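Report on the following structure.
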Amino acid sequence: MKTMNTMNMSRTNSTVIEASQLTKNYVLGKDNELPALKAVDLSIQRGEFVAVMGASGSGKSTLLYNICGMDRMSSGRVLFNGVELSRLPEPALARIRLTNMGFIFQQIHLLKNLSIFDNIVLSGYLCGNRTRREVEQRAAELMEQTGITEIAGNDITQASGGQLQRVGICRALINKPDIIFGDEPTGALNSKASGEIMDLLGGVHREGTTVMLVTHDVKVASRTERVLFMVDGCIVAEKRLGAWPTDENGSDGGVAGVGANADGKAREAELAQWLIELGF
Amino acid sequence: MMAILFRILRRDAVRNRVIMVVIFALVAMSAFLLSSGAGLIVQLKTSIDALFAQSMAPHLVQMHAGELDRKQVEGWAAANPLVDQYQIVEMITVDGSHLTLGSWPSTEDNGVMDISFVVQNEHFDFLLDRNNQPMLPGPGEIGVPLYYREARDLALGDRVRIDTGAFSREFRIAGFVRDAMMNPSIIHSKRFLVHQSDYAALRSNLPGIEYLIEFHLSDASRTGELAAAYTEARLPDRGPSVDHRIFRVFNALTDGMVAAVVVVLSLLLMLIAVLCLRFTIVATIEEDYREIGVMKAIGMDRRDIRRIYLIKYIALGGIAAVAGYLVSLAAGPALRANITDFLGSAEAPLMLQLIPPAAAVLVGAMVVGSAALILRRVHRISAVAALRGRAVDGGLRRVGVLPLRTGRRAAVNIVLGIRDVTQRPRLFALVVGIFAVCSAIILVPFHFHSTLNDPSLTAYMGISRSDIRIDLRQTDRVATRFEEMVDTVAADAEVARFSPLVTARFTLLHENGTQESMAVETGDFSRFPLEFVKGAAPRGENEIALSVLNAQDLERSLGDSLVLLVDGKERALTVSGIYQDVTNGGRTAKAPIPVELSTRGSSIRRGLPTWTDTSPRLWDRQSHNWLG
Ligand SMILES: Nc1ncnc2c1ncn2[C@@H]1O[C@H](COP(=O)(O)OP(=O)(O)OP(=O)(O)O)[C@@H](O)[C@H]1O
Ligand SMILES: [Mg+2]
């Protein structure tokens with residue numbers, strides 16, 4: 001997690017997600033459609049750390065599901081690494097999600113019949129790009145980094161919410177994806193656990209992975225570098241924040257980084273001010 | 001991947017123990033029954049084949065009672081190209097009242113069998129010992145039909161005694177014979193095998209002689225042609241003529257029905273297993289709905305997801321099928337004992353031996369296949385819907401939500417119960433379905449039993465419903481006997497109704513000028529009802545009823561007519577009804593044409609008031625002077 005900033009730089013030029021005129025209408029009944037996304041244009045560069053905010057029902061999740069190919073857009077275009085998703089059949093979309101994207105949800109929903117370790121390696125095995133040994137090694141590394149090594153053999157019922165969220169991060173990272181999507185990954189956690197998760201995601205970002213989060217939490221959003229604000233299916237405003245300050249050891253400043261803490265508070269206040277101006 | 005599937009399996013087995021045990025038991029039971037049923041059928045076929053091959057069963061047998069011109073028959077048979085081998089078997093008929101078997105307290109007077117004594121045949125139609133070798137009893141020894149071993153509780157070394165008063169002789173049971181032709185208990189003729197010297201002694205002391213004129217064909221399928229040629233040649237034919245296929249059917253009947261019931265039961269069990277499977281899988285999918293949605297969301301292939309859930313049913317179906325098969329292997333000899341005992345224990349050819357394990361595999365495969373099919377509903381789960389926390393698509397349908405506050409009186413728990421049913425109609429339909437199949441399983445053997453015991457069954461098989469039916473054998477004095485019998489029956493106060501019937505042969509004239517001989521039962525058919533598939537009993541001298549097979553062969557349906565030669569004159573008869581028949585090869589006809597009593601086979605029916613003892617024994621005693 002130390003030497004990644006350089007790599008970060010070298011990748012920023014290329015675009016991971018390029019959405020243009022992205023529209024999604026939910027069909028509620030005959031002649032009754034609900035426009036959840038209204039011709040959204042959005043591009044996300046490699047290595048970006050993006051947060052999407054907005055009132056409940058403004059279309060944040062819908063945006064996320066449509067740019068990752070989980071849901072079918074009504075019109076418009078999404079390019080992922082230059083590939084147009086709307087043209088691809090379901091299995092090809094699934095394949096891209098499995099190998100090139102990682103997902104973290106509010107609730108992780110692990111398989112009951114597998115241990116925590118097996119839950120993490122399962123998508124690695126199914127992806128089939130690496131040998132079993134490599135997958136297991138990476139899983140062990142990730143668990144080490146996220147601090148859940150000791151619960152590897154546990155049942156999923158034998159872990160706390162924060163631990164499960166870490167398991168989710170490991171699962172999302174197992175195939176070394178280009179981008180991580182998170183739909184309110186900290187939504188079910190208390191602020192301490194939430195801060196720890198954001199520390200981890202900050203690290204993931206600094207290692208070069210693109211991260212896009214949907215969140216309601218100003219504190220969470222303040223850890224990112226670019227905040228989008230949605231109202232009624234449109235992105236109405238955007239704010240860029242600088243890189244999150246790291247302390248002299250190069251580690252992030254969440255809980256441990258004392259110096260960075262004050263900085264973080266200031267960022268949070270600035271963002272909150274911006275949101276209030278937008279009517280959030 | 002396999003390793004992880006195995007770990008899934010292990011955790012799951014512990015988690016859902018009860019339902020897994022239930023499904024396992026059902027599948028194993030079904031595999032056991034199906035492979036046992038298949039084993040029974042294979043053994044039955046193998047044993048019958050072996051019995052027929054080793055005894056060299058005749059292809060066509062014409063029975064004949066009375067004088068016989070051997071030269072005439074032999075000359076005809078030698079000249080007929082269809083005949084490969086032929087032989088005329090002489091049998092001494094023994095009156096049941098003269099025969100005592102072992103230590104059985106009574107004579108065979110009350111028995112239903114026609115008993116005759118024979119020597120071992122020379123060329124074919126051998127009577128076999130327990131090793132399926134032709135049996136050759138020494139002087140003073142006897143080979144007793146297997147049927148009597150159980151029926152009369154006989155053992156080797158027991159005595160068989162003939163005593164007519166004037167003549168008596170005792171035999172020692174040297175073995176029990178398998179008789180390809182007369183083995184089954186439903187065939188009312190039995191052959192006892194004795195040494196040539198004993199036979200000669202019986203021959204000079206007992207009057208009754210009958211003949212079996214037997215043919216072995218080079219092409220066994222052409223018995224029909226040979227029988228027709230035989231009739232055409234006006235050779236001795238006082239008695240029925242029987243085809244080897246009938247022997248086979250009769251030999252296979254009892255055990256075949258048992259096998260069929262076993263197979264049906266196994267299929268029903270399998271149905272229940274599949275219903276249970278559906279139940280648990282649907283429940284699992286509903287329970288894991290979110291997890292499945294997430295797996296789809298993160299891009300797992302839906303076939304991989306399906307496999308995660310299928311693995312345990314593959315394991316379950318596989319192990320249960322193997323277990324069921326092993327049990328059927330262990331229980332096999334006991335289950336097949338009846339067949340191997342009566343028909344011989346031949347080793348099935350390898351191809352047939354594969355059928356029972358294949359049947360077990362089939363059960364396992366059906367289970368896995370249905371699980372795979374049911375798991376297809378994994379495809380229906382939408383990742384987005386699952387993430388958004390919606391219920392299973394198409395699972396919980398909103399069926400007019402019943403408000404809790406319906407009437408003031410309705411108890412809340414009753415309303416909740418009804419709501420549960422109306423909201424999950426499929427689930428409850430499933431429970432009802434399982435219940436129905438279970439009931440069927442209980443009822444099948446019961447129905448089977450009561451059907452066989454229902455007197456109306458015979459009415460569907462071509463024999464009209466009466467309490468007693470007496471068939472007269474073809475003999476020289478059949479006409480006088482028939483009259484005597486009719487008189488006695490008419491005078492008997494216990495007889496409520498009776499109807500004398502005579503079966504006679506008539507010549508049928510085809511439109512194209514060819515002729516055919518047809519057996520027609522004549523008499524009054526209105527007194528004892530018969531079930532008709534179509535139409536009704538013939539009334540008046542210009543109507544005729546045909547058996548289904550005859551109607552098909554002659555291409556006649558209701559209202560059509562056919563022309564018979566009656567007393568040398570052509571008579572057009574209208575088809576008044578069509579009925580099912582199993583007697584006489586299924587080809588019979590019924591018409592109230594008056595016939596001279598001099599002609600052939602006749603039967604008489606008596607209706608007794610239902611409160612009397614209607615067992616045939618009462619009757620045998622009185623009637624044997626006609627039958628004898
Ligand atoms: N399957 C659906 N069918 C119909 N309407 C839907 C469906 N899913 C979402 N909507 C509607 O689309 C709009 C956008 O929903 P979306 O979930 O994207 O909002 P959100 O910004 O993620 O809200 P939240 O912050 O509550 O998660 C909402 O009005 C929602 O009611
Ligand atoms: Mg949302």
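Letters A, B, ... go to the chains of the structure tokens in the order shown; residues in each chain start at 1; ligands are counted from 1 in the same order.
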
Shell of 12 Å around Tyr230 of chain B, only C-alpha atoms, local chain residues under 6 positions omitted, as a PyMOL selection string: chain B and resi 60-62+72-74+76-77+79-80+82-83+213-215+223-224+236-237+241+517

Could you name the residues that touch Thr280 of chain B at 10 Å or less, counting only C-alpha atoms, but leaving out those on the same chain fewer than 4 positions away, as a list in words?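 Contacts, in chain order: Asn16, Ile19, Met20, Ile23, Val274, Leu275, Cys276, Thr284, Ile285, Glu286 and Ala371 of chain B.
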
Those selected residues, please, written with C-alpha atoms and delivered as a PDB file, in the first residue's frame.
ATOM      1  CA  ASN B  16     -30.903 -30.024   6.694  1.00  0.00           C
ATOM      2  CA  ILE B  19     -35.551 -33.572   5.010  1.00  0.00           C
ATOM      3  CA  MET B  20     -32.430 -35.114   3.482  1.00  0.00           C
ATOM      4  CA  ILE B  23     -35.782 -37.806   0.545  1.00  0.00           C
ATOM      5  CA  VAL B 274     -39.723 -35.544  -6.641  1.00  0.00           C
ATOM      6  CA  LEU B 275     -42.553 -33.617  -5.010  1.00  0.00           C
ATOM      7  CA  CYS B 276     -40.565 -33.438  -1.769  1.00  0.00           C
ATOM      8  CA  THR B 284     -34.150 -23.270  -0.325  1.00  0.00           C
ATOM      9  CA  ILE B 285     -34.298 -20.916  -3.268  1.00  0.00           C
ATOM     10  CA  GLU B 286     -36.705 -18.655  -1.445  1.00  0.00           C
ATOM     11  CA  ALA B 371     -33.738 -31.331  -9.195  1.00  0.00           C
TER      12      ALA B 371
END

Can you work out which residues from chain A touch chain B at a cut-off of 9 Å (counting only C-alpha atoms) and hand them back as a PyMOL selection string? chain A and resi 65+70-71+91+93-99+101-103+105+107-115+118+122-123+125-127+132+172

Print the selection's residues with C-alpha atoms to a file, as a PDB file, in the first residue's frame.
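This went into result22.pdb:
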ATOM      1  CA  TYR A  65     -26.749  -0.955 -11.620  1.00  0.00           C
ATOM      2  CA  MET A  70     -26.520  -5.546 -13.998  1.00  0.00           C
ATOM      3  CA  ASP A  71     -29.662  -3.891 -15.274  1.00  0.00           C
ATOM      4  CA  PRO A  91     -23.506 -14.159 -19.978  1.00  0.00           C
ATOM      5  CA  LEU A  93     -22.008  -9.056 -19.027  1.00  0.00           C
ATOM      6  CA  ALA A  94     -21.828 -11.509 -16.131  1.00  0.00           C
ATOM      7  CA  ARG A  95     -18.334 -12.506 -17.194  1.00  0.00           C
ATOM      8  CA  ILE A  96     -17.187  -8.866 -17.211  1.00  0.00           C
ATOM      9  CA  ARG A  97     -18.681  -8.299 -13.772  1.00  0.00           C
ATOM     10  CA  LEU A  98     -16.958 -11.386 -12.451  1.00  0.00           C
ATOM     11  CA  THR A  99     -13.493 -10.644 -13.809  1.00  0.00           C
ATOM     12  CA  MET A 101     -15.581  -5.486 -11.470  1.00  0.00           C
ATOM     13  CA  GLY A 102     -15.925  -5.889  -7.762  1.00  0.00           C
ATOM     14  CA  PHE A 103     -19.063  -5.232  -5.736  1.00  0.00           C
ATOM     15  CA  PHE A 105     -23.261  -4.060  -0.966  1.00  0.00           C
ATOM     16  CA  GLN A 107     -25.502  -6.394   3.078  1.00  0.00           C
ATOM     17  CA  ILE A 108     -22.940  -8.868   1.832  1.00  0.00           C
ATOM     18  CA  HIS A 109     -25.198 -11.966   1.633  1.00  0.00           C
ATOM     19  CA  LEU A 110     -22.616 -14.711   1.873  1.00  0.00           C
ATOM     20  CA  LEU A 111     -23.451 -18.366   1.300  1.00  0.00           C
ATOM     21  CA  LYS A 112     -24.484 -20.086   4.498  1.00  0.00           C
ATOM     22  CA  ASN A 113     -23.043 -23.420   3.469  1.00  0.00           C
ATOM     23  CA  LEU A 114     -19.507 -22.116   3.034  1.00  0.00           C
ATOM     24  CA  SER A 115     -16.893 -20.915   5.467  1.00  0.00           C
ATOM     25  CA  ASP A 118     -14.572 -20.390   0.875  1.00  0.00           C
ATOM     26  CA  LEU A 122     -15.535 -19.078  -4.674  1.00  0.00           C
ATOM     27  CA  SER A 123     -15.701 -16.298  -7.261  1.00  0.00           C
ATOM     28  CA  TYR A 125     -12.388 -20.332  -8.608  1.00  0.00           C
ATOM     29  CA  LEU A 126     -15.378 -19.646 -10.837  1.00  0.00           C
ATOM     30  CA  CYS A 127     -13.520 -16.900 -12.689  1.00  0.00           C
ATOM     31  CA  ARG A 132      -6.439 -22.468  -7.308  1.00  0.00           C
ATOM     32  CA  ALA A 172     -14.763  -7.932  -4.372  1.00  0.00           C
TER      33      ALA A 172
END

Can I get the residues close to ligand 1 as a PyMOL selection string, where close means within 8 Å and we count only C-alpha atoms and all ligand atoms? (chain A and resi 26-28+34-37+53-63+214-216+230+232-233) or (chain B and resi 384-385+388)

Any chance you could export the current selection's C-alpha atoms as a short mmCIF file (atom, residue, chain, number, x, y, z; two decimals), in the first residue's frame?
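Output below, filename part_26.cif:
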data_model
loop_
_atom_site.label_atom_id
_atom_site.label_comp_id
_atom_site.auth_asym_id
_atom_site.auth_seq_id
_atom_site.Cartn_x
_atom_site.Cartn_y
_atom_site.Cartn_z
CA TYR A 26 -39.02 1.66 -14.85
CA VAL A 27 -42.19 0.26 -16.33
CA LEU A 28 -44.82 0.35 -13.64
CA LEU A 34 -41.06 6.08 -13.99
CA PRO A 35 -37.99 7.89 -15.29
CA ALA A 36 -35.26 6.99 -12.81
CA LEU A 37 -32.33 8.24 -14.93
CA MET A 53 -24.84 11.34 -3.21
CA GLY A 54 -28.42 12.47 -3.37
CA ALA A 55 -31.77 12.15 -1.71
CA SER A 56 -33.44 8.81 -1.37
CA GLY A 57 -35.07 7.89 -4.66
CA SER A 58 -32.90 10.24 -6.71
CA GLY A 59 -31.58 7.32 -8.79
CA LYS A 60 -28.15 6.58 -7.26
CA SER A 61 -28.54 2.82 -7.15
CA THR A 62 -30.18 2.82 -10.55
CA LEU A 63 -27.16 4.63 -11.97
CA VAL A 214 -23.09 5.39 -3.43
CA THR A 215 -23.54 6.89 0.00
CA HIS A 216 -25.68 9.07 2.23
CA MET A 230 -28.07 13.56 -8.00
CA ASP A 232 -34.47 13.21 -9.74
CA GLY A 233 -32.42 11.07 -12.07
CA VAL B 384 -31.24 -6.12 -9.18
CA ALA B 385 -34.55 -7.20 -7.70
CA ARG B 388 -33.38 -4.08 -3.89
#

Given the choices A:Val52, A:Cys234, A:Ile276, A:Leu88, which gets closest to ligand 2 if the distance is worked out from only C-alpha atoms and all ligand atoms?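 Closest to ligand 2 of all the choices is A:Val52.
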
Quick one: everything within 6 Å of Thr23 of chain A, counting only C-alpha atoms, minus sequence neighbours fewer than 4 positions away in the same chain. Send it as a PyMOL selection string. chain A and resi 37-39+74-76

Using the selection just defined, write its residues with N, CA and C atoms as a PDB file, in the first residue's frame.
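Result written to again.pdb:
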ATOM      1  N   LEU A  37     -33.536   7.546 -14.451  1.00  0.00           N
ATOM      2  CA  LEU A  37     -32.333   8.240 -14.925  1.00  0.00           C
ATOM      3  C   LEU A  37     -32.718   9.015 -16.176  1.00  0.00           C
ATOM      4  N   LYS A  38     -32.328  10.259 -16.196  1.00  0.00           N
ATOM      5  CA  LYS A  38     -32.716  11.099 -17.329  1.00  0.00           C
ATOM      6  C   LYS A  38     -31.485  11.554 -18.086  1.00  0.00           C
ATOM      7  N   ALA A  39     -31.125  10.837 -19.120  1.00  0.00           N
ATOM      8  CA  ALA A  39     -30.020  11.210 -20.020  1.00  0.00           C
ATOM      9  C   ALA A  39     -28.766  11.635 -19.263  1.00  0.00           C
ATOM     10  N   SER A  74     -32.636   1.887 -20.599  1.00  0.00           N
ATOM     11  CA  SER A  74     -33.709   2.078 -21.577  1.00  0.00           C
ATOM     12  C   SER A  74     -33.151   2.669 -22.855  1.00  0.00           C
ATOM     13  N   SER A  75     -32.249   3.624 -22.719  1.00  0.00           N
ATOM     14  CA  SER A  75     -31.569   4.146 -23.910  1.00  0.00           C
ATOM     15  C   SER A  75     -30.254   4.766 -23.465  1.00  0.00           C
ATOM     16  N   GLY A  76     -29.447   5.160 -24.438  1.00  0.00           N
ATOM     17  CA  GLY A  76     -28.143   5.704 -24.111  1.00  0.00           C
ATOM     18  C   GLY A  76     -27.077   4.650 -24.290  1.00  0.00           C
TER      19      GLY A  76
END
